[in-house]
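**Student:** So that we are looking at the same thing, I have put the structure below in structure tokens.
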Protein chains: 2
Amino acid sequence: MAGMKQSRLFTKTRKEAPADEVSKNAQLLIRGGFAHKEMAGVYAYLPLGLRVLNKIEAITREEMNSVGGQELIMTSLQSKDTWDKTGRWDDEAVDVWFKSELAAGGEIGFAWSHEEPIAGMLKNYISSYKDLPIYVYQFQTKLRNELRAKSGIMRGREFVMKDMYSFCIGEEDHNKIYQDTIDAYNRVFDRVGLGEDTYMTFASGGAFTQFSHEFQTITEAGEDVIYINKEKNIAINEEVMNDETLAELGVTKDELQEVKTAEVGNIFNFGRQKAEDVGLTFKDETGADIPVWMGSYGIGITRLMGVVVEKFADEKGMVWPESIAPFRVHLVSLAGNDEEVADFAEGIYDNLCERGVEVLYDDRDERAGAKFADSDLIGIPYRVVVSRKTKDEKQFEVVERVSGETSFVSEEELYQRFANVTD
Amino acid sequence: MAGMKQSRLFTKTRKEAPADEVSKNAQLLIRGGFAHKEMAGVYAYLPLGLRVLNKIEAITREEMNSVGGQELIMTSLQSKDTWDKTGRWDDEAVDVWFKSELAAGGEIGFAWSHEEPIAGMLKNYISSYKDLPIYVYQFQTKLRNELRAKSGIMRGREFVMKDMYSFCIGEEDHNKIYQDTIDAYNRVFDRVGLGEDTYMTFASGGAFTQFSHEFQTITEAGEDVIYINKEKNIAINEEVMNDETLAELGVTKDELQEVKTAEVGNIFNFGRQKAEDVGLTFKDETGADIPVWMGSYGIGITRLMGVVVEKFADEKGMVWPESIAPFRVHLVSLAGNDEEVADFAEGIYDNLCERGVEVLYDDRDERAGAKFADSDLIGIPYRVVVSRKTKDEKQFEVVERVSGETSFVSEEELYQRFANVTD
């Protein structure tokens, strides 16, 4: 069913977010009925919010499939053994663990990452070089025991990540999937509307490579600082902003602009170290055991939603890009007590649904002003108003949320404009 | 993409499940590459398994939407406050809690249920009788600190549940959604292939009602015992099997047959008690504050998958009902080194994909015997064999997994039989 009646939607807009909510994204998402704050850094997603998340996931899934990724779902409960192998069970090494005790005895951890468990799982499926390469990914809830959580859904104690992992014979194959995934990530950020302000950014690389790569989106709500050169399409995280990096990338400090950003994705080259620690090896053509060359590739799905809110919201509320909006059209009936107009509006709703248009239909008995304020807050890309005047003059007012531009179209034009062309 | 090449699928079948795995469902799912055992009672779902789960979820989602359910997703992290209100934070009251400490201070719990959090969340959206009824549901991972976990994915420490909750003005409205959901549940179990052996069963009702209702599926792997009368379509859980119940339901013990079953769903009437404890009230037409009448409705999604494996598997492996099979057709190429046949098989695969047929294409360089054994283990409903003989005689062998029945069809008939008719 493409449509939903607002009178049936259990969420209502709220004038105020909880008093302790300081981030703009969470304030708007809560006021609009997209999210519910369970506690600091922990948010539930209500019907409108879940629709947005599902669309971000669908776009990401398509792009991960396009590079050959195979989807699976790992577990939240994790064993000490798995993480001991890399020394990362230790709270000194990883300071965001939630841990508990099994009733049956022994410690248990809650997934803050799945690097070690996925590498461990693949020991069952990798034995020869013929088994490689393998790319697997999941959409998974991560639990992190963060000391502070003040950025709404941009940094939570519980959040959804898409994490992909690559398993290759060696560096050449690794470099190929690494580059393919960079291209796929750029497509994801383009498609969710963040492409123009998202930079692949050189960041610290860890033990095996000089740099890792982050995808950073310019926003005042971000927690990172990077240096960008738009023309050269170069971006450098402040953590590796030094003479050596500048020389390597062929830019001078003067050519760079400092901006605040939020990290929406990152990709990382593990070399053979992680697989060596975990014991994930393959036999090469000579029969020798070689550790697999691993990479990891993350996109913060819920964070991405928060960044979109932060970047596009205006003083009236949220502004969703069409690709991830909960609905495409907000059909607002101003029928009041006029049953003829109410029936007319209902007919338009039915026709839009029949044509596969995703439409939220405001059939509530509310004042026009309240309906428009709610519509602006919820931020659906196009508002279509149906009133006595619409019916009499056979002209529908269409308001674009992002620009406020108004146009008038006939009923037939309305369907043509918004109907999903599927054949 | 409707199809997948088996040479690209990273999982491989295994001769043996882990030695400590005693349940048939998990043994087969692990051997077939559907699931990975992370630890006792904790299973990851690999590409084939995830496809099955997604189909069970899609069927369930359709039926929950059909009764007016609105989908959302709550959180894994839960607060002590929320559960203290009903006395269920206490480990004496609930013995399956996983708990941990927040770095920022205070205790935190991991979701074993969402009854209290959902009721708490709805305090933001229910104030008047006009706001009711509301039905909400989610597909959510539950974490339970079970002492024992020996039934594979049928009783895990981590599992996926669909849980729906109803919020009504009073008993009359409650009874309507309760009955609607019974009907929807019967449709779900019918559609996943368990309808014939699944009984709505009278079980103990708790404080507010004489009975609750469970949906129990007959299987030797089950942990429950119920008494059924097929003709009268009556089933009674042994826990309420007494003279009073027999009299009430108008059956005698002699008319009942004892069977082992697994609980695949349950529905429960809370009356107004839960809402009263949580403080979830609405104002009626006189302005009085009345606690909401609540119900809860669960289906164990991963358990359902386990029950399907247990019920339909034979000595060769799994047997999936068409509605939830990972693929509809297993296309097995016996080309060997014959490139002409390999090209021919590839063409058939492409044609099936183009027509939207969900097809797993065994393009691997393996002996016929190994391919057939794998195919039987994986349990896709129809196997289509392509060999030199197929190409020369233009007749495709189609073997139905469940019956072993073989038929021969032309290429055109093959497409007609399996193509999804979408226009």
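Labels used: A, B, ... for chains in the order of the structure tokens, numbers from 1 for residues in each chain, and numbers from 1 for ligands as shown.
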Find the residues of chain B in contact range of chain A, meaning any atom within 8 Å when counting only C-alpha atoms, and list them as a ChimeraX atom specification.

**Tutor:** /B:9-12,36,38-39,42-47,50,70-79,98-104,117,121,125,131,134,145-148,158

**Student:** Using only C-alpha atoms, determine which residues lie at most 12 Å from B:Gly271, disregarding the query and same-chain residues fewer than 6 positions distant; provide the list as a PyMOL selection string.

**Tutor:** chain B and resi 166-175+178+205-210+212+277+290-296

**Student:** Where does chain B end up after superposition onto chain A over all in-order Cα pairs? Give it as a short mmCIF file (atom, residue, chain, number, x, y, z; two decimals) with C-alpha atoms, in the first residue's frame.

**Tutor:**
data_model
loop_
_atom_site.label_atom_id
_atom_site.label_comp_id
_atom_site.auth_asym_id
_atom_site.auth_seq_id
_atom_site.Cartn_x
_atom_site.Cartn_y
_atom_site.Cartn_z
CA MET B 1 0.03 0.00 0.00
CA ALA B 2 1.61 3.21 -1.21
CA GLY B 3 -0.56 5.55 0.83
CA MET B 4 -1.41 6.26 4.44
CA LYS B 5 -4.15 8.32 6.04
CA GLN B 6 -2.80 10.70 8.62
CA SER B 7 -5.87 10.17 10.81
CA ARG B 8 -4.72 6.57 11.13
CA LEU B 9 -1.04 7.37 11.80
CA PHE B 10 -0.64 6.94 15.56
CA THR B 11 2.10 9.55 15.87
CA LYS B 12 1.23 13.20 16.17
CA THR B 13 3.48 16.17 15.80
CA ARG B 14 4.62 17.79 19.01
CA LYS B 15 5.34 21.41 19.77
CA GLU B 16 8.30 20.51 21.98
CA ALA B 17 10.95 17.84 22.06
CA PRO B 18 12.04 16.46 25.47
CA ALA B 19 13.76 19.21 27.48
CA ASP B 20 17.03 17.24 27.68
CA GLU B 21 17.29 16.87 23.90
CA VAL B 22 19.91 19.33 22.67
CA SER B 23 20.51 18.17 19.08
CA LYS B 24 18.55 19.67 16.20
CA ASN B 25 18.17 16.37 14.35
CA ALA B 26 16.62 14.55 17.31
CA GLN B 27 14.46 17.54 18.26
CA LEU B 28 12.92 17.66 14.80
CA LEU B 29 12.62 13.89 14.42
CA ILE B 30 10.87 13.62 17.78
CA ARG B 31 8.61 16.62 17.13
CA GLY B 32 7.66 15.20 13.73
CA GLY B 33 6.90 11.76 15.16
CA PHE B 34 9.77 10.06 13.30
CA ALA B 35 11.68 8.98 16.39
CA HIS B 36 11.16 8.32 20.08
CA LYS B 37 13.88 8.93 22.64
CA GLU B 38 14.16 5.86 24.84
CA MET B 39 17.11 7.35 26.73
CA ALA B 40 20.15 9.51 25.90
CA GLY B 41 21.66 8.22 22.67
CA VAL B 42 19.00 5.53 22.23
CA TYR B 43 16.18 6.18 19.78
CA ALA B 44 13.29 4.08 18.48
CA TYR B 45 12.07 4.68 14.92
CA LEU B 46 8.35 5.21 14.50
CA PRO B 47 6.48 4.60 11.21
CA LEU B 48 7.63 7.77 9.41
CA GLY B 49 11.22 7.36 10.59
CA LEU B 50 11.31 3.66 9.76
CA ARG B 51 10.20 4.45 6.22
CA VAL B 52 13.16 6.82 5.81
CA LEU B 53 15.60 4.27 7.24
CA ASN B 54 14.23 1.55 4.95
CA LYS B 55 14.83 3.78 1.93
CA ILE B 56 18.39 4.61 2.96
CA GLU B 57 18.98 0.89 3.47
CA ALA B 58 17.46 -0.02 0.10
CA ILE B 59 19.72 2.44 -1.73
CA THR B 60 22.76 1.22 0.18
CA ARG B 61 21.83 -2.44 -0.44
CA GLU B 62 21.56 -1.86 -4.18
CA GLU B 63 25.02 -0.31 -4.29
CA MET B 64 26.59 -3.01 -2.13
CA ASN B 65 25.06 -5.67 -4.37
CA SER B 66 26.44 -3.82 -7.39
CA VAL B 67 30.02 -4.42 -6.21
CA GLY B 68 29.29 -8.11 -5.52
CA GLY B 69 28.44 -7.89 -1.83
CA GLN B 70 26.46 -10.76 -0.31
CA GLU B 71 24.09 -9.84 2.50
CA LEU B 72 23.97 -11.72 5.80
CA ILE B 73 23.16 -10.86 9.40
CA MET B 74 25.54 -11.56 12.28
CA THR B 75 24.62 -11.63 15.96
CA SER B 76 24.41 -9.13 18.81
CA LEU B 77 25.77 -11.60 21.36
CA GLN B 78 29.48 -12.16 20.97
CA SER B 79 31.97 -14.41 22.71
CA LYS B 80 35.08 -13.45 24.60
CA ASP B 81 37.11 -16.07 22.67
CA THR B 82 36.47 -14.38 19.35
CA TRP B 83 37.80 -11.03 20.54
CA ASP B 84 40.63 -12.33 22.70
CA LYS B 85 42.46 -13.40 19.55
CA THR B 86 43.06 -9.78 18.56
CA GLY B 87 43.35 -8.43 22.09
CA ARG B 88 40.16 -6.41 21.70
CA TRP B 89 38.07 -8.03 24.44
CA ASP B 90 40.12 -5.95 26.87
CA ASP B 91 38.30 -2.82 28.07
CA GLU B 92 41.60 -0.97 27.87
CA ALA B 93 41.79 -1.71 24.13
CA VAL B 94 38.08 -1.06 23.43
CA ASP B 95 36.35 1.36 25.79
CA VAL B 96 32.77 1.03 24.47
CA TRP B 97 32.00 -2.60 25.35
CA PHE B 98 28.76 -3.56 26.98
CA LYS B 99 29.36 -6.89 28.72
CA SER B 100 27.25 -9.19 30.83
CA GLU B 101 27.27 -12.65 32.41
CA LEU B 102 25.73 -15.75 30.86
CA ALA B 103 23.35 -17.60 33.16
CA ALA B 104 25.10 -20.75 31.96
CA GLY B 105 28.45 -19.28 33.06
CA GLY B 106 31.04 -17.06 31.42
CA GLU B 107 31.16 -13.55 30.06
CA ILE B 108 29.32 -12.31 27.00
CA GLY B 109 29.74 -9.16 24.93
CA PHE B 110 27.26 -7.09 22.93
CA ALA B 111 28.16 -6.19 19.38
CA TRP B 112 29.93 -2.84 19.08
CA SER B 113 31.60 -4.11 15.85
CA HIS B 114 31.56 -7.33 13.82
CA GLU B 115 35.08 -7.38 12.37
CA GLU B 116 36.37 -10.29 14.43
CA PRO B 117 33.14 -12.39 14.37
CA ILE B 118 32.81 -12.15 10.57
CA ALA B 119 36.46 -13.06 10.06
CA GLY B 120 35.96 -15.95 12.47
CA MET B 121 32.81 -17.15 10.72
CA LEU B 122 34.59 -17.17 7.36
CA LYS B 123 37.12 -19.70 8.62
CA ASN B 124 34.39 -22.22 7.77
CA TYR B 125 34.26 -21.13 4.14
CA ILE B 126 37.77 -20.09 3.12
CA SER B 127 40.43 -22.71 2.58
CA SER B 128 41.84 -22.18 -0.90
CA TYR B 129 42.74 -19.18 -3.05
CA LYS B 130 39.88 -20.40 -5.24
CA ASP B 131 37.42 -19.34 -2.52
CA LEU B 132 38.47 -15.69 -2.81
CA PRO B 133 37.55 -12.90 -3.19
CA ILE B 134 34.50 -12.73 -0.88
CA TYR B 135 32.56 -9.58 -0.02
CA VAL B 136 29.90 -9.75 2.67
CA TYR B 137 27.80 -7.06 4.31
CA GLN B 138 24.99 -6.54 6.78
CA PHE B 139 22.69 -3.91 8.21
CA GLN B 140 23.17 -4.36 11.91
CA THR B 141 22.48 -2.64 15.20
CA LYS B 142 25.66 -1.67 17.05
CA LEU B 143 25.69 -1.09 20.79
CA ARG B 144 28.38 1.19 22.18
CA ASN B 145 28.82 2.24 25.77
CA GLU B 146 29.57 5.89 24.94
CA LEU B 147 30.23 8.17 27.89
CA ARG B 148 28.42 11.08 26.24
CA ALA B 149 25.57 11.12 23.74
CA LYS B 150 24.54 14.61 22.75
CA SER B 151 24.32 14.50 18.96
CA GLY B 152 20.89 12.90 18.62
CA ILE B 153 20.85 10.05 16.15
CA MET B 154 24.25 11.17 14.79
CA ARG B 155 26.13 9.47 17.63
CA GLY B 156 24.09 7.02 19.61
CA ARG B 157 24.67 4.26 22.10
CA GLU B 158 22.54 2.16 19.75
CA PHE B 159 22.61 2.73 15.99
CA VAL B 160 22.34 0.98 12.66
CA MET B 161 25.38 0.50 10.48
CA LYS B 162 25.94 -1.05 7.09
CA ASP B 163 29.25 -2.81 7.37
CA MET B 164 30.89 -4.62 4.49
CA TYR B 165 34.07 -6.70 4.64
CA SER B 166 36.31 -7.80 1.79
CA PHE B 167 38.47 -10.91 1.81
CA CYS B 168 41.10 -11.08 -0.94
CA ILE B 169 44.17 -13.03 -1.97
CA GLY B 170 46.38 -9.99 -1.95
CA GLU B 171 46.81 -6.28 -2.38
CA GLU B 172 45.94 -6.11 -6.09
CA ASP B 173 42.48 -7.65 -5.64
CA HIS B 174 42.03 -5.64 -2.46
CA ASN B 175 42.76 -2.37 -4.27
CA LYS B 176 40.13 -3.19 -6.87
CA ILE B 177 37.25 -3.79 -4.42
CA TYR B 178 38.49 -0.83 -2.34
CA GLN B 179 38.15 1.44 -5.38
CA ASP B 180 34.85 -0.16 -6.44
CA THR B 181 33.48 0.51 -2.97
CA ILE B 182 34.65 4.13 -3.03
CA ASP B 183 32.65 4.53 -6.25
CA ALA B 184 29.64 2.75 -4.72
CA TYR B 185 29.82 4.95 -1.61
CA ASN B 186 29.89 8.07 -3.75
CA ARG B 187 26.75 6.80 -5.50
CA VAL B 188 25.04 6.18 -2.13
CA PHE B 189 25.81 9.70 -0.88
CA ASP B 190 24.73 11.17 -4.22
CA ARG B 191 21.47 9.27 -4.13
CA VAL B 192 20.53 10.28 -0.58
CA GLY B 193 21.16 13.92 -1.47
CA LEU B 194 24.50 14.47 0.27
CA GLY B 195 26.83 14.02 -2.69
CA GLU B 196 27.74 17.63 -3.23
CA ASP B 197 28.92 18.18 0.34
CA THR B 198 30.48 14.80 1.02
CA TYR B 199 34.23 14.36 0.62
CA MET B 200 36.39 11.29 0.59
CA THR B 201 38.87 12.36 3.20
CA PHE B 202 42.40 11.21 3.99
CA ALA B 203 42.54 10.09 7.60
CA SER B 204 44.96 8.18 9.78
CA GLY B 205 45.66 4.73 8.46
CA GLY B 206 46.69 2.64 11.40
CA ALA B 207 49.47 0.09 11.31
CA PHE B 208 49.25 -1.18 7.73
CA THR B 209 48.57 1.77 5.51
CA GLN B 210 49.52 5.40 5.51
CA PHE B 211 45.92 6.55 5.21
CA SER B 212 42.42 5.26 5.70
CA HIS B 213 39.56 7.02 3.97
CA GLU B 214 36.58 8.63 5.58
CA PHE B 215 33.53 10.07 3.90
CA GLN B 216 32.83 13.38 5.58
CA THR B 217 29.76 15.54 5.04
CA ILE B 218 29.94 19.26 5.70
CA THR B 219 27.56 20.20 8.52
CA GLU B 220 27.78 22.51 11.49
CA ALA B 221 26.42 19.65 13.59
CA GLY B 222 29.47 17.51 12.84
CA GLU B 223 32.10 16.55 15.40
CA ASP B 224 35.04 16.47 12.98
CA VAL B 225 37.18 19.14 11.32
CA ILE B 226 38.60 18.59 7.85
CA TYR B 227 40.43 20.71 5.28
CA ILE B 228 39.06 20.73 1.76
CA ASN B 229 39.92 21.96 -1.69
CA LYS B 230 36.79 21.83 -3.82
CA GLU B 231 38.46 22.24 -7.20
CA LYS B 232 41.05 19.54 -6.63
CA ASN B 233 38.45 17.47 -4.74
CA ILE B 234 40.92 16.88 -1.93
CA ALA B 235 39.98 16.58 1.74
CA ILE B 236 42.23 15.95 4.71
CA ASN B 237 41.19 15.10 8.26
CA GLU B 238 42.85 17.39 10.78
CA GLU B 239 44.41 14.33 12.44
CA VAL B 240 46.73 13.85 9.42
CA MET B 241 46.98 17.54 8.48
CA ASN B 242 50.75 17.95 8.37
CA ASP B 243 53.53 18.86 5.95
CA GLU B 244 54.09 15.27 4.93
CA THR B 245 50.44 14.77 3.96
CA LEU B 246 50.29 18.11 2.14
CA ALA B 247 53.38 17.23 0.12
CA GLU B 248 52.05 13.78 -0.66
CA LEU B 249 48.73 15.12 -1.93
CA GLY B 250 50.25 18.08 -3.75
CA VAL B 251 48.37 20.88 -2.02
CA THR B 252 49.42 23.75 0.20
CA LYS B 253 47.70 24.78 3.39
CA ASP B 254 46.65 28.06 1.77
CA GLU B 255 44.60 26.21 -0.81
CA LEU B 256 42.56 24.46 1.87
CA GLN B 257 39.44 25.55 3.67
CA GLU B 258 38.61 24.41 7.20
CA VAL B 259 35.08 23.00 7.61
CA LYS B 260 33.10 21.14 10.25
CA THR B 261 31.93 17.73 9.13
CA ALA B 262 30.22 14.54 10.19
CA GLU B 263 31.73 11.19 9.24
CA VAL B 264 29.08 9.26 7.29
CA GLY B 265 31.31 6.45 6.06
CA ASN B 266 34.75 4.98 6.34
CA ILE B 267 36.82 2.40 4.56
CA PHE B 268 39.80 0.65 5.95
CA ASN B 269 42.59 -1.59 4.77
CA PHE B 270 43.61 -4.24 7.32
CA GLY B 271 46.33 -5.78 5.20
CA ARG B 272 46.90 -9.36 6.34
CA GLN B 273 47.21 -8.52 10.04
CA LYS B 274 43.62 -9.03 11.20
CA ALA B 275 43.33 -12.39 9.40
CA GLU B 276 46.68 -13.47 10.84
CA ASP B 277 45.49 -12.67 14.37
CA VAL B 278 42.19 -14.45 13.87
CA GLY B 279 43.76 -17.40 12.03
CA LEU B 280 41.94 -16.87 8.73
CA THR B 281 44.24 -18.24 6.03
CA PHE B 282 44.01 -19.72 2.55
CA LYS B 283 46.27 -22.11 0.69
CA ASP B 284 47.91 -20.51 -2.33
CA GLU B 285 48.83 -22.36 -5.51
CA THR B 286 51.99 -23.72 -3.89
CA GLY B 287 50.04 -25.04 -0.88
CA ALA B 288 51.37 -22.41 1.52
CA ASP B 289 49.05 -20.96 4.20
CA ILE B 290 48.62 -17.21 3.67
CA PRO B 291 46.52 -14.85 5.82
CA VAL B 292 43.63 -13.27 3.91
CA TRP B 293 43.91 -9.59 2.92
CA MET B 294 40.99 -7.84 4.60
CA GLY B 295 39.18 -4.53 4.24
CA SER B 296 36.18 -3.02 6.02
CA TYR B 297 33.67 -0.49 4.73
CA GLY B 298 31.09 1.22 6.96
CA ILE B 299 28.17 3.55 6.44
CA GLY B 300 26.28 4.87 9.45
CA ILE B 301 22.67 4.39 8.34
CA THR B 302 20.97 6.16 11.24
CA ARG B 303 23.71 8.80 11.31
CA LEU B 304 23.12 9.47 7.62
CA MET B 305 19.47 10.15 8.44
CA GLY B 306 20.52 12.58 11.16
CA VAL B 307 22.94 14.39 8.84
CA VAL B 308 20.21 14.77 6.21
CA VAL B 309 17.94 16.37 8.82
CA GLU B 310 20.68 18.71 10.02
CA LYS B 311 21.72 19.81 6.54
CA PHE B 312 18.36 20.41 4.92
CA ALA B 313 16.04 21.47 7.75
CA ASP B 314 14.86 25.07 7.81
CA GLU B 315 13.08 27.11 10.46
CA LYS B 316 9.78 25.38 9.66
CA GLY B 317 11.02 21.82 9.97
CA MET B 318 12.55 18.95 8.08
CA VAL B 319 13.15 18.89 4.31
CA TRP B 320 13.57 15.38 2.89
CA PRO B 321 15.27 14.66 -0.43
CA GLU B 322 12.84 12.79 -2.68
CA SER B 323 14.91 9.61 -2.66
CA ILE B 324 14.51 8.98 1.07
CA ALA B 325 11.38 10.93 2.01
CA PRO B 326 8.84 8.89 3.99
CA PHE B 327 6.27 9.77 1.31
CA ARG B 328 6.58 11.64 -1.97
CA VAL B 329 3.36 13.62 -1.73
CA HIS B 330 1.58 15.15 1.25
CA LEU B 331 -2.06 15.44 0.20
CA VAL B 332 -3.70 17.98 2.49
CA SER B 333 -7.47 18.15 2.55
CA LEU B 334 -9.05 21.44 3.63
CA ALA B 335 -12.56 20.03 3.39
CA GLY B 336 -13.65 21.14 6.85
CA ASN B 337 -17.33 20.21 7.10
CA ASP B 338 -17.80 20.17 3.34
CA GLU B 339 -18.55 16.52 2.64
CA GLU B 340 -18.47 16.98 -1.08
CA VAL B 341 -14.89 18.24 -0.88
CA ALA B 342 -13.98 15.49 1.59
CA ASP B 343 -15.26 12.87 -0.87
CA PHE B 344 -13.42 14.58 -3.68
CA ALA B 345 -10.14 14.58 -1.70
CA GLU B 346 -10.64 10.93 -0.81
CA GLY B 347 -11.06 10.15 -4.50
CA ILE B 348 -7.81 11.92 -5.34
CA TYR B 349 -6.08 9.93 -2.58
CA ASP B 350 -7.43 6.66 -3.94
CA ASN B 351 -6.33 7.56 -7.45
CA LEU B 352 -2.81 8.46 -6.32
CA CYS B 353 -2.56 5.17 -4.38
CA GLU B 354 -3.78 3.21 -7.37
CA ARG B 355 -1.02 4.76 -9.45
CA GLY B 356 1.58 3.72 -6.89
CA VAL B 357 2.29 7.22 -5.60
CA GLU B 358 3.58 7.20 -2.03
CA VAL B 359 1.19 9.65 -0.43
CA LEU B 360 0.45 10.73 3.12
CA TYR B 361 -3.16 11.95 3.16
CA ASP B 362 -3.99 14.53 5.80
CA ASP B 363 -7.68 13.70 6.23
CA ARG B 364 -7.76 15.00 9.81
CA ASP B 365 -10.30 17.43 11.17
CA GLU B 366 -7.84 20.25 11.88
CA ARG B 367 -7.47 23.92 10.99
CA ALA B 368 -5.61 24.74 7.77
CA GLY B 369 -2.86 26.53 9.70
CA ALA B 370 -2.19 23.52 11.91
CA LYS B 371 -2.16 21.22 8.88
CA PHE B 372 0.34 23.38 7.00
CA ALA B 373 2.59 23.69 10.06
CA ASP B 374 2.58 19.91 10.48
CA SER B 375 3.23 19.44 6.79
CA ASP B 376 6.22 21.80 6.92
CA LEU B 377 7.58 20.04 10.01
CA ILE B 378 7.27 16.54 8.47
CA GLY B 379 8.96 17.78 5.33
CA ILE B 380 7.50 15.63 2.54
CA PRO B 381 8.83 16.97 -0.83
CA TYR B 382 5.48 17.98 -2.39
CA ARG B 383 2.33 19.26 -0.75
CA VAL B 384 -0.89 19.04 -2.73
CA VAL B 385 -3.81 20.99 -1.32
CA VAL B 386 -7.44 20.03 -1.92
CA SER B 387 -10.11 22.57 -1.00
CA ARG B 388 -13.52 23.73 -2.26
CA LYS B 389 -11.62 26.03 -4.59
CA THR B 390 -9.55 23.14 -5.97
CA LYS B 391 -12.71 21.23 -6.73
CA ASP B 392 -14.51 24.16 -8.33
CA GLU B 393 -11.57 25.40 -10.39
CA LYS B 394 -10.11 21.95 -11.11
CA GLN B 395 -6.63 23.24 -10.33
CA PHE B 396 -4.44 21.63 -7.69
CA GLU B 397 -1.94 23.69 -5.75
CA VAL B 398 1.43 21.91 -5.56
CA VAL B 399 4.01 23.38 -3.18
CA GLU B 400 7.58 22.18 -3.29
CA ARG B 401 8.87 21.90 0.28
CA VAL B 402 12.50 22.72 -0.44
CA SER B 403 11.89 25.91 -2.43
CA GLY B 404 8.39 26.92 -1.40
CA GLU B 405 7.57 27.24 -5.10
CA THR B 406 3.91 26.88 -5.92
CA SER B 407 2.42 25.62 -9.17
CA PHE B 408 -1.08 24.76 -10.29
CA VAL B 409 -1.87 21.59 -12.21
CA SER B 410 -4.93 19.79 -13.50
CA GLU B 411 -5.96 16.43 -12.07
CA GLU B 412 -4.47 14.63 -15.06
CA GLU B 413 -1.20 16.54 -14.74
CA LEU B 414 -1.11 15.71 -11.04
CA TYR B 415 -1.15 12.00 -11.79
CA GLN B 416 1.35 12.33 -14.61
CA ARG B 417 3.73 14.25 -12.42
CA PHE B 418 3.76 11.84 -9.48
CA ALA B 419 2.75 8.45 -10.83
CA ASN B 420 5.49 5.84 -10.74
CA VAL B 421 5.96 4.65 -14.24
CA THR B 422 6.53 0.94 -13.83
CA ASP B 423 5.62 -0.51 -17.19
#

**Student:** As number ranges by chain, list the residues of stretch 218-286 of chain B assigned to alpha helix (DSSP H) by DSSP on the backbone atoms of this structure.

**Tutor:** B: 243-249, 273-278

**Student:** Identify, with DSSP run on backbone atoms, the residues in stretch 233-368 of chain B assigned to strand (DSSP E), and express the list as number ranges by chain.

**Tutor:** B: 234-237, 257-271, 281-283, 289-291, 293-300, 329-333, 359-362

**Student:** Could those residues be written to a file, using C-alpha atoms, as a short mmCIF file (atom, residue, chain, number, x, y, z; two decimals), in the first residue's frame?

**Tutor:**
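The result, stored in again.cif:
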data_model
loop_
_atom_site.label_atom_id
_atom_site.label_comp_id
_atom_site.auth_asym_id
_atom_site.auth_seq_id
_atom_site.Cartn_x
_atom_site.Cartn_y
_atom_site.Cartn_z
CA ILE B 234 -9.85 -27.83 19.56
CA ALA B 235 -6.42 -27.82 21.19
CA ILE B 236 -5.54 -27.55 24.86
CA ASN B 237 -2.11 -26.98 26.38
CA GLN B 257 -4.96 -36.89 21.20
CA GLU B 258 -1.67 -36.04 22.89
CA VAL B 259 0.95 -34.52 20.57
CA LYS B 260 4.33 -32.82 20.88
CA THR B 261 4.35 -29.28 19.57
CA ALA B 262 6.39 -26.13 19.21
CA GLU B 263 4.84 -22.77 20.07
CA VAL B 264 5.11 -20.57 16.98
CA GLY B 265 2.86 -17.75 18.16
CA ASN B 266 0.93 -16.47 21.11
CA ILE B 267 -1.64 -13.82 21.80
CA PHE B 268 -2.40 -12.33 25.14
CA ASN B 269 -5.00 -10.12 26.73
CA PHE B 270 -3.57 -7.74 29.36
CA GLY B 271 -6.88 -6.14 30.25
CA THR B 281 -4.38 6.28 30.28
CA PHE B 282 -6.85 8.06 28.03
CA LYS B 283 -9.62 10.51 28.80
CA ASP B 289 -8.75 8.93 33.06
CA ILE B 290 -9.03 5.28 32.06
CA PRO B 291 -6.14 2.83 31.60
CA TRP B 293 -6.92 -2.04 27.29
CA MET B 294 -3.85 -3.81 25.95
CA GLY B 295 -3.11 -7.00 24.04
CA SER B 296 0.11 -8.53 22.72
CA TYR B 297 0.62 -10.83 19.75
CA GLY B 298 3.90 -12.62 19.02
CA ILE B 299 5.27 -14.78 16.24
CA GLY B 300 8.74 -16.27 16.57
CA VAL B 329 14.40 -23.02 -8.91
CA HIS B 330 17.75 -24.74 -8.53
CA LEU B 331 19.25 -24.78 -12.02
CA VAL B 332 21.96 -27.45 -12.06
CA SER B 333 24.40 -27.46 -14.93
CA VAL B 359 16.94 -19.10 -9.40
CA LEU B 360 20.10 -20.46 -7.82
CA TYR B 361 22.38 -21.53 -10.67
CA ASP B 362 24.83 -24.29 -9.88
#
